[in-house]
Amino acid sequence: MVVELGHYALILALLLAAAQAFFGLAGAALGRERWLAAAPSAAGGQFVFLALASAVLVNAFVQDDFSVRYVAENSNAALPLFYRVTAFWGAHEGSLLLWIVVLGGWTMAVVARLRYLPAAFGARVIGVLGLISFGFLLFTLCTSDPFARLLPAVPDGNDLNPVLQDFAFAVHPPILYTGYVGFAVSFAFACAAMIEGRRDQLWARWMRPWTVIAWAFLAWGIALGSWWAYYELGWGGFWFWDPVENASFMPWLVGTALIHSIAVTERRGLFKSWTLLLAVAAFSLSLLGTFLVRSGVLVSVHSFAADPRRGVFILVFLIIMIGGALGLYAWRAPGMRSPAGFEILSREAFLLFNNLLLVISAAVVFGGTMAPLIADTLGLGTLSVGPPYFNPSFLVPILPLLSLLALGIHARWRRGALRESRRPLLLTLGLSLVLAMALALGVYAHPMPLTPIGATLGCWIILSSLYDPLDRLRRGLRVPAPLLGMSVAHIGVGLFVLGITFVKSNSIELDVALKSGQSAQLGAYSFRYEGVENIEGPNYDGVRGSVSVSRGGRLVTVLRPEKRRYWVQGTVQTTAAIAPALSRDLLAALGEDVGDGAYSLRLQYRPLIRFIWLGALIMAIGGVIAVIGRRQRASALSGATQAMGLPAGAAAQSPGSRS
Amino acid sequence: MNRFLLPLGGFALLLVVLIVGLRHASEKGVIVSPLLGKPVPSFVLPGLLDAASPLDSKELRGHWSLVNVWGTWCPECRAEHATLLQIQQQGRVPIIGIDWKDDDEEAKSWLAALGNPYQHIGADREGRVAIDWGVYAAPESFLVNPAGTVVYKQIGAMTPQVWEREILPRLQ
C-alpha cells in the first residue's frame, strides 16, 4: 500500500508541475498577479510530493520490498544498508526520479531567491522549470515507473550491479545531476529573457551565479565519475571517451564557454545573443545526453537498460523544449544587438576566442559521439570512434585555448594594450619555461614531444593566475572575491594540464604473470608478489593478493588487490589496490590464476594522476568562491541602493560598464 | 537568410540523425552485435555432460543452430528454460549451449532438475569464449546459419514471441 502512495505522489507532482508551468507562463503573459503568486506555491507543492515519492522508494529498498520490480532488480537482502539506499539511483527508473528531485531542488532554490527578480520575469523562470519537470514526470510515469509491482513477489532480489557497490558511485550521480540539471536554471533564465525580448543585460547578472554553481557541480561530478572508473573498473584508465562520459562532458565544455561569455555580457553588454544561445545549448546537450544514454541508439559500457520506446518519448520532448527555445532565439535574438565594441587583444577579444575554441572542442566531442549515428544515417555501416580519434582531435582546439588563457589573464577590458602587461607576461612565461624544462627533463625523464608543451602551458597558467592576486597583495590591496575565484579556478586548470601531461607521457604499465616471491620492476619501483589468501564479505567471496612495493630497497607500501565473486549475480569483480600519493599512484590489479601457483597481475605507476581530479576540484572551488564573494558584495550594494531609493538593478551595473 | 535561424536548422539536421538512429535501434534489437553477418568465432570447449566430447565450433556448420549462453547463477536463464524446452520439442533447430562461468556440478543438477534442451553443451568456465562472442550478460542467444554465419542475436531471455517473430521467419 505504501508503494502505491509513492505512485500517487508522482501523479500529484505531475499535476502540480503542469499548474506551475501554466500559472508561471500564462500569469506573466496576461499580467495576472494572483497567477504569478500561484506558480511558486505549485512548485513548493510539487517538491513536497517528489520528496514523498523518494522517501517511499528509499523505504521500499530499506525494507527489502521485493514485490517492487525496481527493488527486486537492483537490491538484495544481503546488500549492506548503505548500498540499499544508494541503489535508488542504480538503474534507469530511480535515476530518472533523482533527476526530477534534483530539478525540484534547484526550483526551490530559485523560489527562495525570487524576491531579487522582477515578478513577471521570476514567474516565467519558474514556469519554464515547471514545463521541464512536467515532461520528465510524464516520461517517468508513462515509460519508467519505479513503483511498478512485481507480482508474485520474488523471495530475494537480483542485487545491485557490483561495480556500483562503491562509495564514489553512491555520491557521483547526485552531484553530477546537480550540475547537469542546474543548466536547466540557466536555460529557464535565457527563455524568460527571450520571451520578454529584454534589451538590457540584467538577465545575465541574474543568470550568472546559477550557471557558475551548476558548472562547478558538473566539474566535480565528472571528476568523481572519472575517479570511480579509475579505481573501480580496475584498468587504471581515467577517461574512456565513452558516450555516457561525453554526454556529461559536452554540457560542461559549453557551460565553461557560457560562464565566460556571461561575464562579458554582464559587464560590457556584449555577446548577448551568443550567451543566450550557449545557455540554451548547455541544457540541450544535457537533454541530448539523456536521450543518447537511455534510448539505446548508442551503445556504451555503462548505459542503462535501453528501450527505443523511451527514445521516442524523449525525442518528442527534445523537439518541444530545444526546438521551442531555438525558435524563440531566432525570433528575439536579432533585437539584441550590442552597441559597444572592443579592440583586438582586449579581454573581450580573448574571451571571444575562448568561447570559439571551447565550442569547437565541444563540437569535436559531439562529432565523435555522434559518428556511429551519422554513419548509420548516411548508410556507411557501423562505425565507432574511440581514443585514437578523440585524443588528438581534442588537442587541436585545446592547446591554443590554453595558450590564450595564459595570455588573456593579463589582458584588460576594452583596451587592447598587451604592451602594458609585457612585464608580467615575459616574467611568467620565462619562469614557466624553466620550470617545465626542469620537470620534463629532470624530474620526469624520457619526455614525449608534447610533454614540454604541456608542462610549459600548465606552469604558465598557474603562474599567470598567481600574478595578479600576488601583485595586489604586494601593493597592499585587497584581492576581490571574483578575482580570487577566477585565479583559483585557473590554477585548477593548470594543475589539471600538468596532471594529464605527465600521466600521459610518464606512466608505466606492465602485465605479468608472477609466482609468489617473484618481482617485477617498474621504473624505480620494485613490485614483489607475495601470494593470495581467501576472503569473504557480506555478499561476496574471493581472493586477496598481496604485492609489496619497494624503492631502492626500502618498503614503500603493500598493495592488496582483490578479486570478488558476488553471489547473487555471479559476476566477478576486480578491485584494484592503489597506493595514492600526490606525486604518483602505484596500482596493482589481480588477473587470472594461470596455474602453477602463478597469478597474472597488472601493475602500474602513474605520476601526478591526482592532479587531474584535484585540478577539477579546484576549478569548482574557484567558481564557488566567485559566486559567494559576489553575492556578499551585491547584497551590500543592494542595501545601499534601497537606502537611496534606487531600483535594485541600477546599483548592480559595474563601474566599468558603458552600455 | 537570417543567421539566427541557423541553430534551429542545425537542430533539425540533428533530429534527422536521431530519428534514423532510433528507428534502427528498434529494428535491430537494442544492442547491435558486431558479430552479425560474420562467421562464428572458432573455439573448442570441454563438454559439460561428457568430458570426452568437446564442443567444437565446426559443429555449427552445415545446418542451422541456435547458440544459447546461459548459467545457473542467472535468474533470467531459469525464466527462459521452459521456452528452450519447447523449441527443442519442435525440433526445428538444435540448441547448442555455452555454460558461462559456471560450476559444472551445479549445472548438471540444474539440467537434471529442469530438463535438458541442449544438443551439446560446452563449459566456458573462465568466460573466454563468451568474450569472443561479445556476450554482455546472460542469457544471450545467437542464430547461426548453415554457412556458420551469425544472422540474429537475442539479448535477454528467449520468449515464444521472439521465437515466432525473429527466429522462425529466418529459418524458412
# chains A, B, ... in the order shown; residues from 1 in each chain; ligands from 1
$ residues_around --residues "Leu85 of chain B" --least-positions-apart "6" --cutoff "8 Å" --atoms "only C-alpha atoms" --output "tab-separated table (two decimals) with C-alpha atoms, in the first residue's frame"
chain	number	residue	atom	x	y	z
B	115	GLY	CA	15.29	-30.85	-18.26
B	116	ASN	CA	17.94	-30.54	-20.95
B	117	PRO	CA	17.01	-28.64	-24.13
$ residues_around --residues "Gly156 of chain B" --least-positions-apart "4" --cutoff "7 Å" --atoms "only C-alpha atoms" --output "list in words"
Ala138, Pro139 and Glu140 of chain B
$ residues_around --residues "Pro146 of chain B" --least-positions-apart "4" --cutoff "9 Å" --atoms "only C-alpha atoms" --output "list in words"
Leu60, Arg61, Gly62, His63, Trp64 and Ser65 of chain B
$ atom_distance --atom1 "atom CA of Glu348 of chain A" --atom2 "atom CA of Gly623 of chain A"
19.6 Å
$ closest_residue --among "B:Ile87, B:Ile155, B:Ala147, B:Val129" --to "chain A" --atoms "only C-alpha atoms"
B:Ile155
$ atom_distance --atom1 "atom CA of Leu103 of chain A" --atom2 "atom CA of Ile132 of chain A"
8.7 Å
$ residues_around --residues "segment 34-38 of chain B" --least-positions-apart "6" --cutoff "8 Å" --atoms "only C-alpha atoms" --output "NGL selection string"
:B and (133-134 or 149-153)
$ write_last_selection --atoms "N, CA and C atoms" --output "PDB file, in the first residue's frame"
ATOM      1  N   TRP B 133      32.391 -14.092 -28.271  1.00  0.00           N
ATOM      2  CA  TRP B 133      31.038 -13.955 -28.815  1.00  0.00           C
ATOM      3  C   TRP B 133      30.461 -12.575 -28.497  1.00  0.00           C
ATOM      4  N   GLY B 134      31.158 -11.775 -27.744  1.00  0.00           N
ATOM      5  CA  GLY B 134      30.653 -10.437 -27.403  1.00  0.00           C
ATOM      6  C   GLY B 134      29.465 -10.482 -26.461  1.00  0.00           C
ATOM      7  N   THR B 149      27.415 -18.479 -40.187  1.00  0.00           N
ATOM      8  CA  THR B 149      27.373 -17.034 -40.009  1.00  0.00           C
ATOM      9  C   THR B 149      26.274 -16.675 -39.009  1.00  0.00           C
ATOM     10  N   VAL B 150      26.593 -15.738 -38.113  1.00  0.00           N
ATOM     11  CA  VAL B 150      25.599 -15.300 -37.138  1.00  0.00           C
ATOM     12  C   VAL B 150      24.592 -14.399 -37.851  1.00  0.00           C
ATOM     13  N   VAL B 151      23.306 -14.744 -37.809  1.00  0.00           N
ATOM     14  CA  VAL B 151      22.321 -13.916 -38.515  1.00  0.00           C
ATOM     15  C   VAL B 151      21.401 -13.172 -37.551  1.00  0.00           C
ATOM     16  N   TYR B 152      21.339 -13.590 -36.308  1.00  0.00           N
ATOM     17  CA  TYR B 152      20.474 -12.874 -35.366  1.00  0.00           C
ATOM     18  C   TYR B 152      21.012 -13.068 -33.963  1.00  0.00           C
ATOM     19  N   LYS B 153      20.852 -12.006 -33.148  1.00  0.00           N
ATOM     20  CA  LYS B 153      21.269 -12.115 -31.753  1.00  0.00           C
ATOM     21  C   LYS B 153      20.131 -11.659 -30.861  1.00  0.00           C
TER      22      LYS B 153
END
$ residues_around --residues "Leu510 of chain A" --least-positions-apart "6" --cutoff "7 Å" --atoms "only C-alpha atoms" --output "NGL selection string"
:A and (602-604)
$ write_last_selection --atoms "N, CA and C atoms" --output "PDB file, in the first residue's frame"
ATOM      1  N   ARG A 602      48.358  -6.970 -13.123  1.00  0.00           N
ATOM      2  CA  ARG A 602      48.530  -5.726 -13.867  1.00  0.00           C
ATOM      3  C   ARG A 602      49.119  -4.706 -12.899  1.00  0.00           C
ATOM      4  N   LEU A 603      50.291  -4.206 -13.229  1.00  0.00           N
ATOM      5  CA  LEU A 603      50.992  -3.276 -12.344  1.00  0.00           C
ATOM      6  C   LEU A 603      51.149  -1.946 -13.048  1.00  0.00           C
ATOM      7  N   GLN A 604      50.943  -0.858 -12.315  1.00  0.00           N
ATOM      8  CA  GLN A 604      51.048   0.461 -12.938  1.00  0.00           C
ATOM      9  C   GLN A 604      51.697   1.477 -12.013  1.00  0.00           C
TER      10      GLN A 604
END
$ closest_residue --among "A:Phe350, A:Trp241, A:Phe366, A:Trp99" --to "chain B" --atoms "only C-alpha atoms"
A:Phe366
$ closest_residue --among "B:Phe4, B:Trp70, B:Tyr118, B:Trp100" --to "chain A" --atoms "only C-alpha atoms"
B:Phe4
$ closest_residue --among "B:Val16, B:Ala123, B:Leu5, B:Val67" --to "chain A" --atoms "only C-alpha atoms"
B:Leu5
$ closest_residue --among "B:Arg92, B:Lys58, B:Arg170, B:Arg128" --to "chain A" --atoms "only C-alpha atoms"
B:Arg128
$ closest_residue --among "A:Met250, A:Ala42, A:Leu288, A:Leu357" --to "chain B" --atoms "only C-alpha atoms"
A:Leu288
$ residues_around --residues "segment 136-145 of chain A" --least-positions-apart "6" --cutoff "7 Å" --atoms "only C-alpha atoms" --output "list of chain:residue names"
A:Leu14, A:Glu93, A:Leu96, A:Ile100, A:Arg310, A:Phe313
$ select_by_dssp --residues "segment 109-192 of chain A" --states "alpha helix (DSSP H)" --output "PyMOL selection string"
chain A and resi 109-112+119-143+167-192
$ residues_around --residues "Phe527 of chain A" --least-positions-apart "5" --cutoff "8 Å" --atoms "only C-alpha atoms" --output "PyMOL selection string"
chain A and resi 519-522+547-550+603
$ write_last_selection --atoms "N, CA and C atoms" --output "CSV table (one decimal), in the first residue's frame"
chain,number,residue,atom,x,y,z
A,519,SER,N,59.5,-10.9,-8.5
A,519,SER,CA,59.3,-9.4,-8.6
A,519,SER,C,59.3,-8.9,-10.0
A,520,ALA,N,58.7,-7.7,-10.2
A,520,ALA,CA,58.8,-7.0,-11.5
A,520,ALA,C,59.2,-5.6,-11.2
A,521,GLN,N,59.9,-5.0,-12.1
A,521,GLN,CA,60.5,-3.7,-11.9
A,521,GLN,C,59.7,-2.6,-12.8
A,522,LEU,N,59.2,-1.6,-12.2
A,522,LEU,CA,58.6,-0.5,-12.9
A,522,LEU,C,59.3,0.8,-12.6
A,547,VAL,N,51.0,-7.6,-2.7
A,547,VAL,CA,52.1,-7.2,-3.5
A,547,VAL,C,52.9,-6.1,-2.7
A,548,SER,N,54.1,-6.4,-2.4
A,548,SER,CA,54.9,-5.3,-1.7
A,548,SER,C,55.7,-4.6,-2.6
A,549,VAL,N,55.7,-3.2,-2.5
A,549,VAL,CA,56.4,-2.4,-3.4
A,549,VAL,C,57.6,-1.7,-2.6
A,550,SER,N,58.7,-1.8,-3.2
A,550,SER,CA,59.8,-1.1,-2.6
A,550,SER,C,60.6,-0.3,-3.6
A,603,LEU,N,50.3,-4.2,-13.2
A,603,LEU,CA,51.0,-3.3,-12.3
A,603,LEU,C,51.1,-1.9,-13.0
